[in-house]
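Chemist: model06.txt (compact mmCIF, C-alpha atoms) pasted underneath:
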```txt
# COMPACT_ATOMS: atom_id res chain seq x y z
CA MET A 12 -282.37 72.72 -19.57
CA PRO A 13 -284.61 73.19 -22.62
CA ASN A 14 -285.63 76.75 -23.31
CA ARG A 15 -289.37 76.78 -22.46
CA LYS A 16 -290.71 80.26 -23.16
CA ASN A 17 -294.48 80.07 -23.11
CA TRP A 18 -297.54 77.97 -22.22
CA THR A 19 -297.70 76.20 -25.60
CA ASP A 20 -294.15 74.97 -25.10
CA LEU A 21 -294.93 73.78 -21.54
CA LYS A 22 -298.29 72.21 -22.37
CA PRO A 23 -296.89 68.86 -23.65
CA LEU A 24 -294.83 68.58 -20.45
CA LEU A 25 -297.66 69.46 -18.08
CA GLN A 26 -300.57 67.54 -19.64
CA PRO A 27 -299.27 64.09 -18.59
CA LEU A 28 -298.87 65.40 -15.04
CA VAL A 29 -302.64 65.91 -14.89
CA MET A 30 -302.89 62.13 -15.33
CA THR A 31 -300.34 61.76 -12.52
CA ALA A 32 -302.65 63.70 -10.20
CA VAL A 33 -305.73 61.74 -11.31
CA ILE A 34 -304.04 58.37 -10.74
CA LEU A 35 -302.68 59.49 -7.37
CA ILE A 36 -306.14 60.64 -6.25
CA LEU A 37 -307.82 57.49 -7.59
CA ASP A 38 -305.24 55.33 -5.81
CA GLN A 39 -305.73 57.08 -2.46
CA VAL A 40 -309.54 57.16 -2.75
CA THR A 41 -309.74 53.43 -3.52
CA LYS A 42 -307.41 52.63 -0.62
CA ALA A 43 -309.47 54.82 1.72
CA ILE A 44 -312.64 52.99 0.65
CA ILE A 45 -311.02 49.64 1.42
CA VAL A 46 -309.76 50.82 4.82
CA ALA A 47 -313.12 52.45 5.69
CA ASN A 48 -314.97 49.20 5.00
CA VAL A 49 -312.91 47.13 7.42
CA GLU A 50 -316.04 45.50 8.88
CA ARG A 51 -316.94 44.12 5.47
CA LEU A 52 -313.36 43.60 4.33
CA GLU A 53 -311.50 42.50 7.43
CA TYR A 54 -307.75 42.73 7.05
CA GLY A 55 -306.80 39.57 5.16
CA GLY A 56 -310.34 38.34 5.68
CA PRO A 57 -313.26 37.60 3.41
CA VAL A 58 -313.19 38.46 -0.25
CA ILE A 59 -315.72 40.16 -2.48
CA GLU A 60 -315.98 38.39 -5.81
CA VAL A 61 -316.26 40.90 -8.63
CA LEU A 62 -315.88 38.58 -11.63
CA GLY A 63 -316.29 35.24 -9.90
CA ASP A 64 -313.01 33.67 -8.85
CA PHE A 65 -311.09 35.61 -11.53
CA LEU A 66 -311.21 39.10 -9.94
CA ARG A 67 -311.74 39.60 -6.22
CA ILE A 68 -311.39 42.43 -3.69
CA ILE A 69 -309.57 41.64 -0.45
CA HIS A 70 -307.96 43.88 2.19
CA VAL A 71 -304.27 43.13 2.76
CA ARG A 72 -301.29 45.23 3.83
CA ASN A 73 -297.78 45.05 2.41
CA LEU A 74 -294.84 46.22 4.50
CA GLY A 75 -292.42 45.32 1.70
CA ILE A 76 -292.20 46.25 -1.94
CA ALA A 77 -293.34 44.19 -4.94
CA PHE A 78 -294.21 40.61 -3.98
CA SER A 79 -293.69 41.61 -0.29
CA ILE A 80 -289.92 41.68 -0.76
CA GLY A 81 -288.27 43.15 2.33
CA ARG A 82 -291.28 42.94 4.65
CA ASP A 83 -289.15 41.29 7.35
CA LEU A 84 -286.44 43.99 7.38
CA ALA A 85 -285.99 46.11 10.50
CA PRO A 86 -288.53 49.00 10.46
CA THR A 87 -285.84 51.71 10.25
CA LEU A 88 -284.07 50.02 7.34
CA ARG A 89 -287.40 49.34 5.63
CA ARG A 90 -288.37 53.04 5.90
CA ALA A 91 -285.02 54.13 4.49
CA LEU A 92 -285.12 51.69 1.60
CA PHE A 93 -288.81 51.96 0.74
CA ILE A 94 -289.41 55.67 1.37
CA VAL A 95 -286.16 57.61 1.03
CA VAL A 96 -284.78 55.72 -1.98
CA PRO A 97 -288.07 55.89 -3.96
CA ILE A 98 -288.38 59.62 -3.20
CA LEU A 99 -284.87 60.16 -4.57
CA VAL A 100 -285.60 58.03 -7.66
CA ILE A 101 -288.90 59.80 -8.36
CA GLY A 102 -287.25 63.19 -7.78
CA GLY A 103 -284.53 62.28 -10.28
CA LEU A 104 -287.12 61.03 -12.74
CA ILE A 105 -289.12 64.26 -12.47
CA LEU A 106 -285.97 66.31 -12.97
CA TYR A 107 -284.99 64.28 -16.04
CA TYR A 108 -288.59 64.47 -17.32
CA PHE A 109 -288.44 68.29 -17.37
CA ARG A 110 -284.85 68.64 -18.56
CA SER A 111 -284.91 66.18 -21.44
CA ASP A 112 -286.32 66.72 -24.90
CA GLU A 113 -285.59 63.09 -25.82
CA PHE A 114 -288.94 61.61 -24.80
CA THR A 115 -291.76 60.86 -27.21
CA ARG A 116 -295.31 61.78 -26.26
CA LEU A 117 -296.08 58.16 -25.23
CA GLN A 118 -292.92 58.02 -23.13
CA ARG A 119 -293.88 61.21 -21.28
CA TRP A 120 -297.34 59.82 -20.47
CA SER A 121 -295.77 56.52 -19.38
CA ILE A 122 -293.31 58.29 -17.09
CA ALA A 123 -296.18 60.33 -15.61
CA GLY A 124 -298.00 57.06 -14.78
CA ILE A 125 -294.89 55.58 -13.17
CA ILE A 126 -294.46 58.73 -11.07
CA ALA A 127 -298.12 58.55 -10.00
CA GLY A 128 -297.83 54.94 -8.88
CA GLY A 129 -294.60 55.56 -7.04
CA LEU A 130 -296.07 58.54 -5.22
CA GLY A 131 -299.24 56.59 -4.34
CA ASN A 132 -297.29 53.91 -2.53
CA ILE A 133 -294.97 56.44 -0.87
CA VAL A 134 -298.03 58.20 0.56
CA ASP A 135 -299.13 54.87 2.03
CA ARG A 136 -295.72 54.20 3.53
CA LEU A 137 -295.73 57.64 5.14
CA LEU A 138 -299.35 57.67 6.38
CA ARG A 139 -300.21 54.01 6.97
CA PRO A 140 -297.76 52.34 9.38
CA ALA A 141 -299.52 48.97 8.94
CA GLY A 142 -298.30 48.93 5.32
CA VAL A 143 -299.38 49.74 1.80
CA VAL A 144 -303.05 48.89 1.21
CA ASP A 145 -303.45 46.24 -1.49
CA PHE A 146 -306.85 44.96 -2.55
CA VAL A 147 -307.01 43.70 -6.15
CA ASP A 148 -306.74 39.90 -6.28
CA VAL A 149 -306.57 38.25 -9.73
CA ARG A 150 -306.49 34.57 -10.64
CA PHE A 151 -303.37 33.72 -12.65
CA TYR A 152 -304.21 30.14 -13.67
CA GLY A 153 -300.86 28.62 -12.71
CA LEU A 154 -298.75 30.86 -14.95
CA PHE A 155 -295.24 31.19 -13.51
CA GLY A 156 -296.36 28.75 -10.82
CA LEU A 157 -298.89 31.22 -9.41
CA GLU A 158 -302.56 30.39 -8.97
CA ARG A 159 -303.21 34.02 -7.96
CA TRP A 160 -301.16 37.09 -8.80
CA PRO A 161 -299.89 38.87 -5.66
CA THR A 162 -302.54 41.31 -4.43
CA PHE A 163 -302.01 44.86 -5.75
CA ASN A 164 -303.54 48.36 -5.92
CA VAL A 165 -304.10 51.19 -8.42
CA ALA A 166 -300.57 52.58 -7.86
CA ASP A 167 -298.99 49.18 -8.54
CA ALA A 168 -301.05 48.73 -11.69
CA SER A 169 -300.05 52.19 -12.90
CA VAL A 170 -296.34 51.48 -12.42
CA VAL A 171 -296.54 48.10 -14.18
CA VAL A 172 -298.72 49.15 -17.13
CA CYS A 173 -296.83 52.40 -17.72
CA GLY A 174 -293.47 50.67 -17.22
CA ILE A 175 -294.36 48.13 -19.91
CA LEU A 176 -295.55 50.90 -22.24
CA LEU A 177 -292.31 52.79 -21.66
CA MET A 178 -290.14 49.73 -22.36
CA VAL A 179 -292.09 48.84 -25.51
CA SER A 180 -291.93 52.42 -26.79
CA VAL A 181 -288.16 52.61 -26.17
CA LEU A 182 -287.60 49.25 -27.91
CA PHE A 183 -289.87 50.23 -30.81
CA GLU A 184 -288.12 53.58 -31.16
CA ARG A 185 -284.71 51.88 -31.15
CA GLU A 186 -285.83 49.31 -33.72
CA HIS A 187 -287.51 51.96 -35.86
CA GLY A 188 -284.51 54.31 -35.50
CA SER A 189 -281.93 51.65 -36.44
CA THR A 190 -284.01 50.56 -39.46
CA GLN A 191 -284.32 54.18 -40.55
CA ASP A 192 -280.54 54.73 -40.10
CA GLU A 193 -279.81 51.63 -42.25
CA GLN A 194 -282.11 52.90 -45.00
CA GLU A 195 -280.47 56.34 -44.96
CA GLY A 196 -276.92 54.91 -44.86
```
Mind turning the file's structure into structure tokens?
Modeler:
Amino acid sequence: MPNRKNWTDLKPLLQPLVMTAVILILDQVTKAIIVANVERLEYGGPVIEVLGDFLRIIHVRNLGIAFSIGRDLAPTLRRALFIVVPILVIGGLILYYFRSDEFTRLQRWSIAGIIAGGLGNIVDRLLRPAGVVDFVDVRFYGLFGLERWPTFNVADASVVVCGILLMVSVLFEREHGSTQDEQEG
């Protein structure tokens, strides 16, 4: 484990975790607003157009994971796979986050966003037996055969955006590192 002696050494590790807390709170507040407005947003019912047909708000629940994968599994198996396994993965990620000095600043912030999204959906799985609350509905114009992207929430968006940032930063670092090694060699 890195030798962290004082606040200035810990600050770069802890700052991204503030974003984790903000995203987690924002995710749960937005989901609570959707659930509290059931009369206006009946489950799976009418939509609120925000940007015309492009961006809409709709109340749906997801018992599965991304793209509703696994929604038809037995409830006990679903809980084990979609609660226990993610908790173990996030726990491992947090442990690696604090023990590794290999991450760049962008990678640390990206990991913090992934952790936030994962925790947001775990909270839903623990506290909302009807499933994870999804509400953002975006038109996808037939790309990948989809007219609309599967409905998602703040936690999902955080995982996807931060996951892409993490992958790009790792690829860029590898490319930059190998080019630098060739120039030095």
Chemist: Hey, can you check how far atom CA of A:Ile68 sits from atom CA of A:Asp148?
Modeler: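 Taking atom CA of A:Ile68 and atom CA of A:Asp148, their separation equals 5.9 Å.
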Chemist: Which polymer residues, protein or nucleic acid, are no farther than 12 Å from (-290.9, 54.1, -27.8), counting only C-alpha atoms, as a ChimeraX atom specification?
Modeler: /A:113-122,173-188
Chemist: Would you mind reading off the distance between atom CA of A:Leu35 and atom CA of A:Gly102, one decimal, in Å?
Modeler: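 Between atom CA of A:Leu35 and atom CA of A:Gly102 the gap works out to 15.9 Å.
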Chemist: Excluding stretch 139-143 of chain A and any residue of its chain fewer than 6 positions from it, enumerate the residues within 7 Å of it, using only C-alpha atoms, and give them as a list of chain:residue names.
Modeler: A:Arg72, A:Asn73, A:Leu74, A:Asn132
Chemist: With only C-alpha atoms counted, which protein, DNA or RNA residues have an atom no more than 12 Å from (-289.2, 48.0, 9.3) in the file frame? Please answer as a list in words.
Modeler: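 Applying the cut-off with only C-alpha atoms, one gets Asn73, Leu74, Gly75, Ile76, Ile80, Gly81, Arg82, Asp83, Leu84, Ala85, Pro86, Thr87, Leu88, Arg89, Arg90, Ala91, Leu92, Phe93, Ile94, Arg136, Pro140, Ala141 and Gly142 of chain A.
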Chemist: What is the distance between atom CA of A:Trp160 and atom CA of A:Pro57, in Å to one decimal?
Modeler: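 So the two atoms, atom CA of A:Trp160 and atom CA of A:Pro57, lie 17.2 Å apart.
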Chemist: Choose the residue, out of A:Pro161, A:Gly124, A:Pro23, A:Gly153, that has the smallest atom-to-atom separation from A:Phe109; count all atoms listed in the file.
Modeler: A:Pro23
